[in-house]
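Here the structure is laid out as structure tokens; the discussion comes afterwards.
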Amino acid sequence: MKGRLYNVRMRAARGGRHEAGGEHVSGAERIVSGEALKKTVDSLLERALKHSKGKADFISITLEEIKEEEIVYIPPLPITTVEVENYIEGRKGVIRCLEAIGLTSWQAKSILSMLENTSSIRGAILVDINSLERLEPDLSRGVRATGMDWSQDILPRLNLVLDEEGINNSHVREAVALASKVVRAPGMVAEVCWSDDPDYTAGYVASKKFGYVRFTHLKPAGDARGGRIFCFDTEQASLEECMSWLEKQITVINQVPSINGKFSIKELLRRIGYETNN
Ligand code: PML
Ligand code: MG
């Protein structure tokens with residue numbers, strides 16, 4: 001990307017600002033050139049004002065100039081879609097994926113239940129896969145993966161590729177940009193996420209091993225509970241290194257993702273090394 005670049009970040013809450021206990025409504029960010037700045041601020045503002053979670057009464061939009069030398073360019077994770085009947089089937093698929101990544105069944109189930117039982121926090125849960133302890137310095141805020149986006153130069157091609165797969169929406173674009181950054185954090189083993197938007201039921205498991213594996217349902221429709229859990233191995237890296245990558249490093253994706261296609265859960269299990277008899 002050429003010229004001046006800006007990281008534009010929006011966060012919105014209801015019932016007061018986040019720090020004062022307001023409920024998180026929406027958050028998003030972009031990395032754009034000066035020419036796209038006004039349009040970007042407009043669209044983020046629009047999003048905060050018209051969110052399916054309700055009307056925000058606190059909206060913060062910040063702009064920060066980024067220097068080219070601060071950017072690390074990364075490739076996107078390949079995308080696989082798993083078509084499941086319902087969220088119960090989807091969550092079983094998540095556990096299988098985590099096991100195939102290398103976690104024990106107990107670790108995988110505990111991690112999933114932490115996400116199920118943590119009501120919407122603005123950031124993500126950061127869990128140590130060994131002790132299953134949460135490591136975020138502020139548990140009510142969680143950890144924010146921030147400073148990431150797609151390069152504007154590849155957006156036309158990205159739109160084409162995602163359109164062809166029938167998955168071109170802001171949830172997918174933003175989640176792939178975030179997950180592609182998160183799984184490259186030192187010591188990161190996997191990320192699990194489902195949306196907190198009541199009318200968006202899809203979610204994913206991301207890892208270096210299997211890429212971005214999305215499940216069409218990871219929660220029932222109408223449920224406003226959702227979030228992210230980052231699975232971190234304290235034996236592989238220090239918490240400081242990991243947090244610094246997630247919260248400070250600017251990452252931009254400058255390639256289009258490869259699309260692996262759509263699979264049933266049975267096909268997924270076969271692909272990740274589980275044999276099923278039925
Ligand atoms: C969100 O937008 O809140 C997270 C969406 C995760 C799933 C996106 C997808 O792959 O469909
Ligand atoms: Mg959301």
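Letters A, B, ... mark the chains of the structure tokens in the order given; residue numbers begin at 1 per chain; ligand numbers begin at 1, in order shown.
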Hey, what's within 12 Å of segment 18-22 of chain A if we count only C-alpha atoms and toss same-chain stuff fewer than 5 positions away? As a ChimeraX atom specification, please? /A:11-13,27,56-60,120-123,138,140-142
Just want the residues within 6 Å of ligand 2, written as a count of residues only, counting only C-alpha atoms and all ligand atoms. 4
Select from segment 55-268 of chain A everything DSSP, run on the backbone, classes as alpha helix (DSSP H), then give the selection as a PyMOL selection string. chain A and resi 87-101+105-117+155-165+170-182+239-247+265-268
All residues having an atom within 7 Å of ligand 1 (only C-alpha atoms and all ligand atoms) as a PyMOL selection string: chain A and resi 171-172+175+193-197+202-204+214+216
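Using only C-alpha atoms, the shortest contact distance between Val252 of chain A and any of A:Ser105, A:Thr40, A:Asn169, A:Thr146 is found at A:Thr146.
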Residue list (strand (DSSP E or B), DSSP) for segment 72-146 of chain A, as number ranges by chain: A: 72-74, 79-83, 124-128, 134, 143
Please determine, counting only C-alpha atoms, which residue among A:Leu103, A:Ile95, A:Met148, A:Cys242 has the shortest atom-to-atom distance to Val32 of chain A. A:Met148
Counting only C-alpha atoms, what is within 10 Å of Asn254 of chain A, bar same-chain residues fewer than 2 positions away, as a ChimeraX atom specification? /A:1,73-76,149-155,158,251-252,256-257
Pull C-alpha atoms from the residues just selected and write them as an mmCIF file, in the first residue's frame.
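Now in selection.cif:
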```cif
data_model
loop_
_atom_site.group_PDB
_atom_site.id
_atom_site.type_symbol
_atom_site.label_atom_id
_atom_site.label_comp_id
_atom_site.auth_asym_id
_atom_site.auth_seq_id
_atom_site.Cartn_x
_atom_site.Cartn_y
_atom_site.Cartn_z
ATOM 1 C CA MET A 1 0.000 0.000 0.000
ATOM 2 C CA TYR A 73 2.741 -8.315 5.732
ATOM 3 C CA ILE A 74 1.278 -11.765 6.348
ATOM 4 C CA PRO A 75 -0.577 -14.326 4.204
ATOM 5 C CA PRO A 76 -4.198 -15.183 5.031
ATOM 6 C CA ASP A 149 -6.647 -5.524 7.924
ATOM 7 C CA TRP A 150 -6.519 -6.602 4.288
ATOM 8 C CA SER A 151 -4.397 -4.496 1.962
ATOM 9 C CA GLN A 152 -6.694 -2.202 -0.012
ATOM 10 C CA ASP A 153 -4.882 -3.271 -3.202
ATOM 11 C CA ILE A 154 -6.253 -6.787 -3.053
ATOM 12 C CA LEU A 155 -9.841 -6.002 -2.016
ATOM 13 C CA LEU A 158 -10.684 -10.796 -2.271
ATOM 14 C CA THR A 251 -0.291 -6.732 10.262
ATOM 15 C CA VAL A 252 -1.658 -6.379 6.748
ATOM 16 C CA VAL A 256 -6.036 -13.598 -1.379
ATOM 17 C CA PRO A 257 -6.869 -16.699 0.666
#
```
Can you pull out the residues contacting Thr80 of chain A? Cut-off 8 Å, using only C-alpha atoms, and skip same-chain residues under 4 positions away; I want them as a PDB file with C-alpha atoms, in the first residue's frame.
```
ATOM      1  CA  GLY A 211      -6.142 -22.838   8.679  1.00  0.00           C
ATOM      2  CA  TYR A 212      -9.490 -21.106   9.135  1.00  0.00           C
ATOM      3  CA  VAL A 213     -12.119 -23.819   9.620  1.00  0.00           C
ATOM      4  CA  ARG A 214     -15.562 -22.236   9.743  1.00  0.00           C
ATOM      5  CA  ILE A 259     -10.501 -21.676  -0.525  1.00  0.00           C
ATOM      6  CA  ASN A 260     -10.668 -25.356   0.358  1.00  0.00           C
ATOM      7  CA  GLY A 261     -14.409 -25.651  -0.264  1.00  0.00           C
ATOM      8  CA  LYS A 262     -17.407 -26.883   1.706  1.00  0.00           C
ATOM      9  CA  PHE A 263     -17.506 -30.148   3.595  1.00  0.00           C
TER      10      PHE A 263
END
```
Which residues of segment 126-222 of chain A sit at most 12 Å from segment 232-236 of chain A, using only C-alpha atoms? Give each one's shortest atom pair and distance in Å (one decimal place), in chain and ascending residue order, as a Markdown table.
```
| residue | atom | partner | partner_atom | distance |
| --- | --- | --- | --- | --- |
| A:Leu126 | CA | A:Phe232 | CA | 6.8 |
| A:Val127 | CA | A:Phe232 | CA | 5.9 |
| A:Asp128 | CA | A:Phe232 | CA | 5.1 |
| A:Ile129 | CA | A:Asp233 | CA | 5.6 |
| A:Asn130 | CA | A:Asp233 | CA | 6.8 |
| A:Ser131 | CA | A:Thr234 | CA | 9.1 |
| A:Leu132 | CA | A:Phe232 | CA | 9.6 |
| A:Glu133 | CA | A:Phe232 | CA | 10.3 |
| A:Arg134 | CA | A:Phe232 | CA | 9.9 |
| A:Leu135 | CA | A:Phe232 | CA | 9.2 |
| A:Glu136 | CA | A:Phe232 | CA | 11.3 |
| A:Val182 | CA | A:Phe232 | CA | 10.2 |
| A:Val183 | CA | A:Phe232 | CA | 9.5 |
| A:Arg184 | CA | A:Phe232 | CA | 11.1 |
| A:Ala185 | CA | A:Phe232 | CA | 8.9 |
| A:Pro186 | CA | A:Gln236 | CA | 7.4 |
| A:Gly187 | CA | A:Gln236 | CA | 4.9 |
| A:Met188 | CA | A:Phe232 | CA | 4.5 |
| A:Val189 | CA | A:Phe232 | CA | 5.6 |
| A:Ala190 | CA | A:Phe232 | CA | 7.4 |
| A:Glu191 | CA | A:Phe232 | CA | 8.9 |
| A:Val192 | CA | A:Phe232 | CA | 11.7 |
| A:Ser207 | CA | A:Phe232 | CA | 11.3 |
```
